[in-house]
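Enquirer: Okay, so here is data-v7.txt, and as you'll see once you scroll down, it has compact mmCIF, C-alpha atoms.
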```
# COMPACT_ATOMS: atom_id res chain seq x y z
CA MET Y 848 102.13 120.30 106.41
CA THR Y 849 100.00 117.38 105.27
CA PRO Y 850 96.92 118.79 103.55
CA ALA Y 851 93.49 117.88 104.86
CA LEU Y 852 90.23 117.66 103.00
CA SER Y 853 89.06 120.84 104.66
CA ASP Y 854 92.32 122.78 104.48
CA ALA Y 855 92.42 124.02 100.89
CA SER Y 856 90.03 126.62 99.62
CA SER Y 857 87.26 125.44 97.33
CA THR Y 858 87.27 128.83 95.63
CA VAL Y 859 90.22 127.96 93.41
CA PHE Y 860 87.54 127.10 90.82
CA ARG Y 861 84.06 128.59 90.77
CA ASP Y 862 82.74 125.13 89.88
CA PRO Y 863 85.61 122.70 90.51
CA PRO Y 864 85.72 119.29 88.84
CA LEU Y 865 85.21 116.30 91.08
CA LEU Y 866 88.82 115.16 90.61
CA GLU Y 867 91.76 117.11 89.30
CA LEU Y 868 95.46 116.37 88.89
CA ARG Y 869 97.84 119.29 88.41
CA GLY Y 870 101.30 118.37 87.23
CA ALA Y 871 101.31 115.07 89.15
CA THR Y 872 104.74 113.45 88.93
CA ARG Y 873 106.06 110.26 90.49
CA ARG Y 874 109.46 108.60 90.13
CA PHE Y 875 110.58 105.13 91.13
CA GLY Y 876 114.36 105.31 91.09
CA GLY Y 877 115.27 106.27 87.53
CA ILE Y 878 111.81 105.51 86.16
CA LEU Y 879 109.42 108.41 85.63
CA ALA Y 880 106.11 106.61 86.15
CA LEU Y 881 103.98 109.78 86.03
CA ASN Y 882 105.35 112.80 84.20
CA ASP Y 883 103.57 116.11 84.80
CA VAL Y 884 100.06 114.65 84.46
CA SER Y 885 97.24 117.20 84.48
CA LEU Y 886 93.60 116.36 83.87
CA SER Y 887 90.12 116.96 85.28
CA ILE Y 888 87.16 114.63 85.67
CA GLY Y 889 83.71 116.09 86.20
CA LYS Y 890 80.92 114.84 88.42
CA GLY Y 891 78.98 111.96 86.90
CA GLU Y 892 81.45 111.18 84.11
CA VAL Y 893 82.42 107.66 83.05
CA VAL Y 894 85.99 107.95 81.76
CA GLY Y 895 88.20 105.24 80.30
CA LEU Y 896 91.92 105.14 81.11
CA ILE Y 897 94.02 103.14 78.66
CA GLY Y 898 97.66 102.71 77.74
CA PRO Y 899 100.28 100.01 77.20
CA ASN Y 900 102.01 98.26 80.06
CA GLY Y 901 104.31 100.68 81.84
CA ALA Y 902 102.29 103.70 80.74
CA GLY Y 903 101.60 104.78 84.33
CA LYS Y 904 97.99 103.61 84.81
CA THR Y 905 98.57 101.77 88.09
CA THR Y 906 100.72 104.60 89.44
CA PHE Y 907 97.93 107.04 88.53
CA VAL Y 908 95.41 104.99 90.52
CA ASN Y 909 97.81 104.58 93.45
CA VAL Y 910 98.53 108.33 93.57
CA VAL Y 911 94.84 109.26 93.50
CA SER Y 912 93.93 106.68 96.17
CA GLY Y 913 96.83 107.65 98.43
CA LEU Y 914 98.80 104.42 98.30
CA VAL Y 915 101.65 106.39 96.70
CA ARG Y 916 102.45 110.07 97.19
CA PRO Y 917 103.36 112.20 94.17
CA ASP Y 918 106.88 113.65 94.13
CA ALA Y 919 105.45 116.85 92.64
CA GLY Y 920 102.11 118.29 91.69
CA GLN Y 921 98.70 118.16 93.32
CA VAL Y 922 95.63 115.93 93.52
CA LEU Y 923 92.36 117.69 94.35
CA LEU Y 924 88.92 116.40 95.23
CA GLU Y 925 86.27 119.06 94.57
CA GLY Y 926 88.96 121.73 94.73
CA ARG Y 927 90.52 120.49 97.98
CA ARG Y 928 94.00 119.00 98.04
CA ILE Y 929 94.21 115.36 99.07
CA ASP Y 930 97.76 114.49 98.00
CA GLY Y 931 99.73 113.58 101.09
CA LEU Y 932 96.71 112.34 103.03
CA PRO Y 933 96.80 108.72 104.21
CA ALA Y 934 94.84 106.27 102.09
CA ASP Y 935 92.16 105.69 104.73
CA ARG Y 936 91.41 109.43 104.92
CA ILE Y 937 91.13 109.61 101.16
CA ALA Y 938 88.80 106.61 101.13
CA ARG Y 939 86.56 108.18 103.76
CA GLY Y 940 86.61 111.39 101.70
CA GLY Y 941 84.87 109.61 98.83
CA ILE Y 942 87.48 107.88 96.64
CA ALA Y 943 87.33 104.11 96.22
CA ARG Y 944 89.04 101.59 93.97
CA THR Y 945 89.01 97.97 92.98
CA PHE Y 946 92.18 95.97 92.36
CA GLN Y 947 93.26 94.29 89.14
CA VAL Y 948 93.84 91.10 91.13
CA VAL Y 949 90.76 90.68 93.31
CA GLN Y 950 91.65 90.71 96.99
CA PRO Y 951 88.74 89.53 99.16
CA PHE Y 952 89.18 88.12 102.62
CA PRO Y 953 89.08 84.51 101.38
CA ARG Y 954 87.74 82.76 104.49
CA MET Y 955 85.12 85.37 105.29
CA SER Y 956 81.66 85.18 103.78
CA ALA Y 957 80.71 87.51 100.97
CA ILE Y 958 78.42 89.49 103.25
CA ASP Y 959 81.13 89.94 105.87
CA ASN Y 960 83.62 91.07 103.21
CA VAL Y 961 81.27 93.87 102.25
CA ALA Y 962 80.31 94.66 105.85
CA VAL Y 963 83.98 95.29 106.67
CA GLY Y 964 84.09 97.97 103.99
CA ALA Y 965 80.86 99.49 105.27
CA MET Y 966 82.23 99.69 108.80
CA PHE Y 967 85.78 100.89 108.25
CA ALA Y 968 85.40 103.12 105.20
CA GLY Y 969 81.68 103.62 104.84
CA GLY Y 970 81.20 105.11 108.28
CA ILE Y 971 78.72 102.53 109.63
CA GLY Y 972 79.79 101.74 113.17
CA ASP Y 973 77.13 99.20 114.10
CA PRO Y 974 77.90 95.64 112.87
CA ALA Y 975 74.23 94.79 112.36
CA ALA Y 976 73.67 97.93 110.31
CA ALA Y 977 76.83 97.20 108.31
CA ARG Y 978 75.58 93.70 107.49
CA HIS Y 979 72.22 95.13 106.45
CA GLU Y 980 73.98 97.56 104.10
CA ALA Y 981 76.16 94.70 102.81
CA ARG Y 982 73.09 92.58 102.10
CA GLU Y 983 71.53 95.37 100.03
CA LEU Y 984 74.74 95.93 98.08
CA LEU Y 985 75.14 92.22 97.35
CA ALA Y 986 71.58 92.23 96.00
CA PHE Y 987 72.46 95.26 93.86
CA VAL Y 988 75.40 93.43 92.24
CA GLY Y 989 73.50 90.14 91.94
CA LEU Y 990 75.21 88.14 94.70
CA GLU Y 991 72.37 87.76 97.21
CA SER Y 992 72.20 83.99 96.59
CA VAL Y 993 75.87 83.48 97.59
CA GLN Y 994 76.12 86.00 100.42
CA ASP Y 995 76.94 83.34 103.02
CA ARG Y 996 79.60 81.56 100.98
CA PRO Y 997 83.27 82.20 101.72
CA ALA Y 998 84.83 84.49 99.15
CA ALA Y 999 87.34 81.82 98.16
CA ALA Y 1000 84.45 79.61 96.97
CA LEU Y 1001 83.11 82.17 94.50
CA THR Y 1002 83.76 82.10 90.77
CA LEU Y 1003 86.07 84.72 89.28
CA ALA Y 1004 83.09 86.63 87.88
CA ASP Y 1005 81.40 86.62 91.30
CA ARG Y 1006 84.60 87.65 93.08
CA LYS Y 1007 84.77 90.65 90.74
CA ARG Y 1008 81.15 91.49 91.63
CA LEU Y 1009 82.15 91.18 95.27
CA GLU Y 1010 84.90 93.76 94.63
CA PHE Y 1011 82.21 96.04 93.24
CA ALA Y 1012 80.07 95.61 96.34
CA LYS Y 1013 83.04 96.17 98.66
CA SER Y 1014 83.94 99.40 96.89
CA LEU Y 1015 80.32 100.62 96.93
CA ALA Y 1016 80.18 99.96 100.68
CA MET Y 1017 82.74 102.76 101.02
CA LYS Y 1018 80.09 105.21 99.71
CA PRO Y 1019 82.37 106.62 97.01
CA ARG Y 1020 81.86 109.69 94.92
CA PHE Y 1021 84.73 108.68 92.64
CA LEU Y 1022 85.28 104.99 91.85
CA MET Y 1023 88.30 103.60 90.00
CA LEU Y 1024 87.69 100.18 88.44
CA ASP Y 1025 91.02 98.54 87.66
CA GLU Y 1026 90.71 95.83 84.97
CA VAL Y 1027 87.42 94.57 86.43
CA ASN Y 1028 86.60 92.74 83.20
CA ALA Y 1029 89.84 90.79 82.82
CA GLY Y 1030 89.30 87.04 82.52
CA LEU Y 1031 85.55 87.20 81.91
CA ASN Y 1032 83.80 85.37 79.10
CA ALA Y 1033 81.44 87.15 76.70
CA ALA Y 1034 78.30 86.61 78.77
CA GLU Y 1035 80.05 87.64 81.99
CA LEU Y 1036 81.45 90.69 80.23
CA ASP Y 1037 78.00 91.82 79.11
CA SER Y 1038 76.72 91.40 82.66
CA ALA Y 1039 79.70 93.35 84.07
CA LEU Y 1040 79.07 96.22 81.67
CA GLU Y 1041 75.43 96.35 82.71
CA LEU Y 1042 76.61 96.60 86.31
CA VAL Y 1043 78.98 99.47 85.46
CA ALA Y 1044 76.07 101.28 83.83
CA ARG Y 1045 73.88 100.70 86.89
CA VAL Y 1046 76.58 102.07 89.20
CA ALA Y 1047 77.05 105.11 86.96
CA GLY Y 1048 73.29 105.58 87.06
CA THR Y 1049 73.47 106.19 90.79
CA GLY Y 1050 75.58 109.31 90.13
CA ILE Y 1051 78.96 107.86 91.05
CA THR Y 1052 81.81 109.13 88.86
CA ILE Y 1053 83.75 106.23 87.35
CA LEU Y 1054 87.28 105.84 85.99
CA LEU Y 1055 87.50 102.55 84.10
CA ILE Y 1056 91.08 101.32 83.67
CA GLU Y 1057 90.89 98.88 80.76
CA HIS Y 1058 92.76 97.12 77.98
CA LEU Y 1059 89.69 95.77 76.16
CA MET Y 1060 88.81 98.34 73.54
CA LYS Y 1061 85.29 97.00 73.09
CA VAL Y 1062 84.65 97.67 76.77
CA VAL Y 1063 86.00 101.20 76.55
CA ARG Y 1064 83.96 101.88 73.43
CA ARG Y 1065 80.73 100.61 75.01
CA ALA Y 1066 81.09 102.02 78.50
CA CYS Y 1067 83.07 105.27 78.28
CA PRO Y 1068 82.00 108.42 76.43
CA ARG Y 1069 85.45 109.89 77.16
CA THR Y 1070 88.87 108.23 77.17
CA VAL Y 1071 92.27 109.31 78.48
CA VAL Y 1072 95.43 107.68 77.10
CA LEU Y 1073 98.61 107.46 79.14
CA HIS Y 1074 101.90 106.77 77.39
CA GLN Y 1075 105.32 106.81 79.06
CA GLY Y 1076 103.84 108.55 82.08
CA ARG Y 1077 102.22 111.41 80.14
CA VAL Y 1078 98.72 112.13 78.91
CA LEU Y 1079 98.96 111.33 75.20
CA ALA Y 1080 95.32 111.99 74.32
CA ASP Y 1081 92.07 112.94 76.05
CA GLY Y 1082 88.67 113.29 74.45
CA PRO Y 1083 85.60 111.51 73.02
CA THR Y 1084 86.27 107.79 72.89
CA ALA Y 1085 85.54 107.26 69.20
CA GLU Y 1086 87.96 110.03 68.26
CA ILE Y 1087 90.64 108.83 70.68
CA LEU Y 1088 90.57 105.24 69.42
CA ALA Y 1089 90.95 106.52 65.85
CA ASP Y 1090 93.83 108.89 66.70
CA PRO Y 1091 97.00 107.75 64.88
CA ARG Y 1092 99.11 108.62 67.94
CA VAL Y 1093 97.05 106.22 70.03
CA VAL Y 1094 97.18 103.53 67.37
CA ASP Y 1095 100.97 103.87 67.25
CA ALA Y 1096 101.48 103.90 71.01
CA TYR Y 1097 98.90 101.39 72.13
CA LEU Y 1098 97.37 99.32 69.38
CA GLY Y 1099 100.49 99.06 67.25
CA VAL Y 1100 101.28 100.47 63.83
CA ARG Y 1101 100.46 97.16 62.14
CA ASP Y 1102 96.87 97.42 63.37
CA ARG Y 1103 96.11 100.80 61.78
CA ALA Y 1104 94.33 99.27 58.82
CA ARG Y 1105 92.00 97.22 60.97
CA ARG Y 1106 88.59 98.47 61.98
CA PRO Y 1107 88.05 100.51 65.19
CA GLY Y 1108 87.34 98.49 68.31
CA ILE Y 1109 90.16 96.01 67.83
CA GLU Y 1110 91.95 94.52 70.79
CA PRO Y 1111 95.50 95.63 71.62
CA ARG Y 1112 98.50 93.55 70.79
CA ARG Y 1113 99.10 91.05 73.56
CA ASP Y 1114 102.57 92.41 74.28
CA LEU Y 1115 100.98 95.80 74.99
CA ALA Y 1116 97.91 94.60 76.88
```
Now, as a test, write the supplied structure out as structure tokens.
Expert:
Amino acid sequence: MTPALSDASSTVFRDPPLLELRGATRRFGGILALNDVSLSIGKGEVVGLIGPNGAGKTTFVNVVSGLVRPDAGQVLLEGRRIDGLPADRIARGGIARTFQVVQPFPRMSAIDNVAVGAMFAGGIGDPAAARHEARELLAFVGLESVQDRPAAALTLADRKRLEFAKSLAMKPRFLMLDEVNAGLNAAELDSALELVARVAGTGITILLIEHLMKVVRRACPRTVVLHQGRVLADGPTAEILADPRVVDAYLGVRDRARRPGIEPRRDLA
């Protein structure tokens, strides 16, 4: 039977984490993309998720958001199983994500892009109310001056802010930000990090999937490292980035002697 948000007992844990994976496993043919992954993320945390290409980061996000079902294991939201639910049910239950390649509706205005999210995942049925919510969210992310422009006319930095606003329109409790800083210059990156901090300040739990170590170091008190589908390391970010296992797997053995905060080798980014 497909589990529902209300089916599983919340008494499995006296105080369950917001999100928990228990032995989550996913294969694609002969490739083991996720291999017995277990971890918990508490309410209000900002957690970094790093790892080389092929480590399983995208599969992790797709399993949590319901785009892909695990072959084994469980995914729980506040102690209730959500693995097996369709993606729209999971979204309405409080899990949202952005995409590494931004995917707005290109011909629609910025405000209508956000209003769609407010209506179909955020539970606002009235179009006028959805546009009002969208207007407030665009102001929150700094896009009020371009709200009537088509998404295709926005800069890359503004399209990434639009992704933020669209995800916030879904009223998430848990938000996964997939490479939201890729392609930004230094000034845009600083602005994006300020926005992440503002979103976290509202109480939303954030998983930041990143390859820029300076972003992880600045934004995430805790970091999880995936390698070959498994959790290689999990703990305080400064300790994780100094862990020789992480240096070997992600940053490269040749980079050990360099100072913490270095960027990964391009073939592993």
Enquirer: With distances taken over all atoms listed in the file, which residue among Y:Val961, Y:Arg1006, Y:Arg1064, Y:His1074 lies nearest Ile1087 of chain Y?
Expert: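 Ranking Y:Val961, Y:Arg1006, Y:Arg1064, Y:His1074 by distance to Ile1087 of chain Y, first place goes to Y:Arg1064.
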Enquirer: In the coordinate frame of the file, compute which residues have an atom within 12 Å of (84.9, 107.8, 67.2) when using only C-alpha atoms, and state them as a PyMOL selection string.
Expert: chain Y and resi 1063-1065+1067-1070+1082-1090+1106-1108
Enquirer: Quick one: which segment 889-914 of chain Y residues come within 8 Å of segment 928-938 of chain Y, and what is the nearest atom pair for each with the distance in Å to one decimal, counting only C-alpha atoms, rows ordered by chain and ascending number, as a Markdown table?
Expert:
```
| residue | atom | partner | partner_atom | distance |
| --- | --- | --- | --- | --- |
| Y:Val910 | CA | Y:Asp930 | CA | 7.6 |
| Y:Val911 | CA | Y:Asp930 | CA | 7.5 |
| Y:Ser912 | CA | Y:Ala934 | CA | 6.0 |
| Y:Gly913 | CA | Y:Ala934 | CA | 4.4 |
| Y:Leu914 | CA | Y:Ala934 | CA | 5.8 |
```
Enquirer: Show which residues sit within 6 Å of Glu925 of chain Y, as a VMD selection string. Count all atoms listed in the file, and ignore same-chain residues fewer than 3 positions away.
Expert: chain Y and resid 863 to 865
Enquirer: To one decimal in Å, tell me the separation between atom CA of Gly1050 of chain Y and atom CA of Arg869 of chain Y.
Expert: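 Between these atoms lies a distance of 24.5 Å.
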Enquirer: Just how far from atom CA of Gly895 of chain Y is atom CA of Leu1055 of chain Y, in Å to one decimal?
Expert: 4.7 Å
Enquirer: I need the residue nearest Pro1019 of chain Y from this list: Y:Ile1051, Y:Leu1001, Y:Val1093, Y:Ile878. Use all atoms listed in the file for the distance.
Expert: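 That would be Y:Ile1051, the residue with the smallest distance to Pro1019 of chain Y.
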Enquirer: Which residue gives the smallest distance to Met1017 of chain Y among Y:Val988, Y:Ala968, Y:Leu881, Y:Ala976, with only C-alpha atoms counted?
Expert: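 For Met1017 of chain Y, the nearest of the candidates is Y:Ala968.
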Enquirer: For a quick check of understanding, using all atoms listed in the file, which of Y:Leu1079, Y:Val915, Y:Val1062, Y:Val1046 has the smallest distance to Gly891 of chain Y?
Expert: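 When distances to Gly891 of chain Y are compared using all atoms listed in the file, the smallest one comes from Y:Val1046.
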Enquirer: Of the residues Y:Ala1012, Y:Ala965, Y:Ala1096, Y:Ala1033, which is the one nearest to Arg1077 of chain Y, using only C-alpha atoms?
Expert: Y:Ala1096
Enquirer: Would you mind listing what lies within 8 Å of Asn960 of chain Y as a JSON list (two decimals) with C-alpha atoms, in the coordinates of the input, with only C-alpha atoms counted and same-chain residues fewer than 4 positions away left out?
Expert:
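Once everything was written out, this is out.json:
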```json
[["chain", "number", "residue", "atom", "x", "y", "z"],
["Y", 951, "PRO", "CA", 88.74, 89.53, 99.16],
["Y", 952, "PHE", "CA", 89.18, 88.12, 102.62],
["Y", 955, "MET", "CA", 85.12, 85.37, 105.29],
["Y", 956, "SER", "CA", 81.66, 85.18, 103.78],
["Y", 964, "GLY", "CA", 84.09, 97.97, 103.99],
["Y", 998, "ALA", "CA", 84.83, 84.49, 99.15],
["Y", 1013, "LYS", "CA", 83.04, 96.17, 98.66]]
```
Enquirer: Find the spatial neighbours of Ala1000 of chain Y, counting all atoms listed in the file, within a cut-off of 10 Å - ignore same-chain residues fewer than 5 positions away - and output them as a list of chain:residue names.
Expert: Y:Pro953, Y:Arg954, Y:Ser956, Y:Ala957, Y:Val993, Y:Asp1005, Y:Arg1006
Enquirer: Kindly indicate which residue among Y:Ile942, Y:Ala1004, Y:Val893, Y:Ala880 lies nearest to Gly1030 of chain Y, using all atoms listed in the file for the distances.
Expert: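 Comparing Y:Ile942, Y:Ala1004, Y:Val893, Y:Ala880 against Gly1030 of chain Y, the winner is Y:Ala1004.
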Enquirer: Using atom CA of Arg996 of chain Y and atom CA of Ile958 of chain Y as the two end points, give the distance in Å to one decimal.
Expert: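 Computing the Euclidean distance for atom CA of Arg996 of chain Y and atom CA of Ile958 of chain Y yields 8.3 Å.
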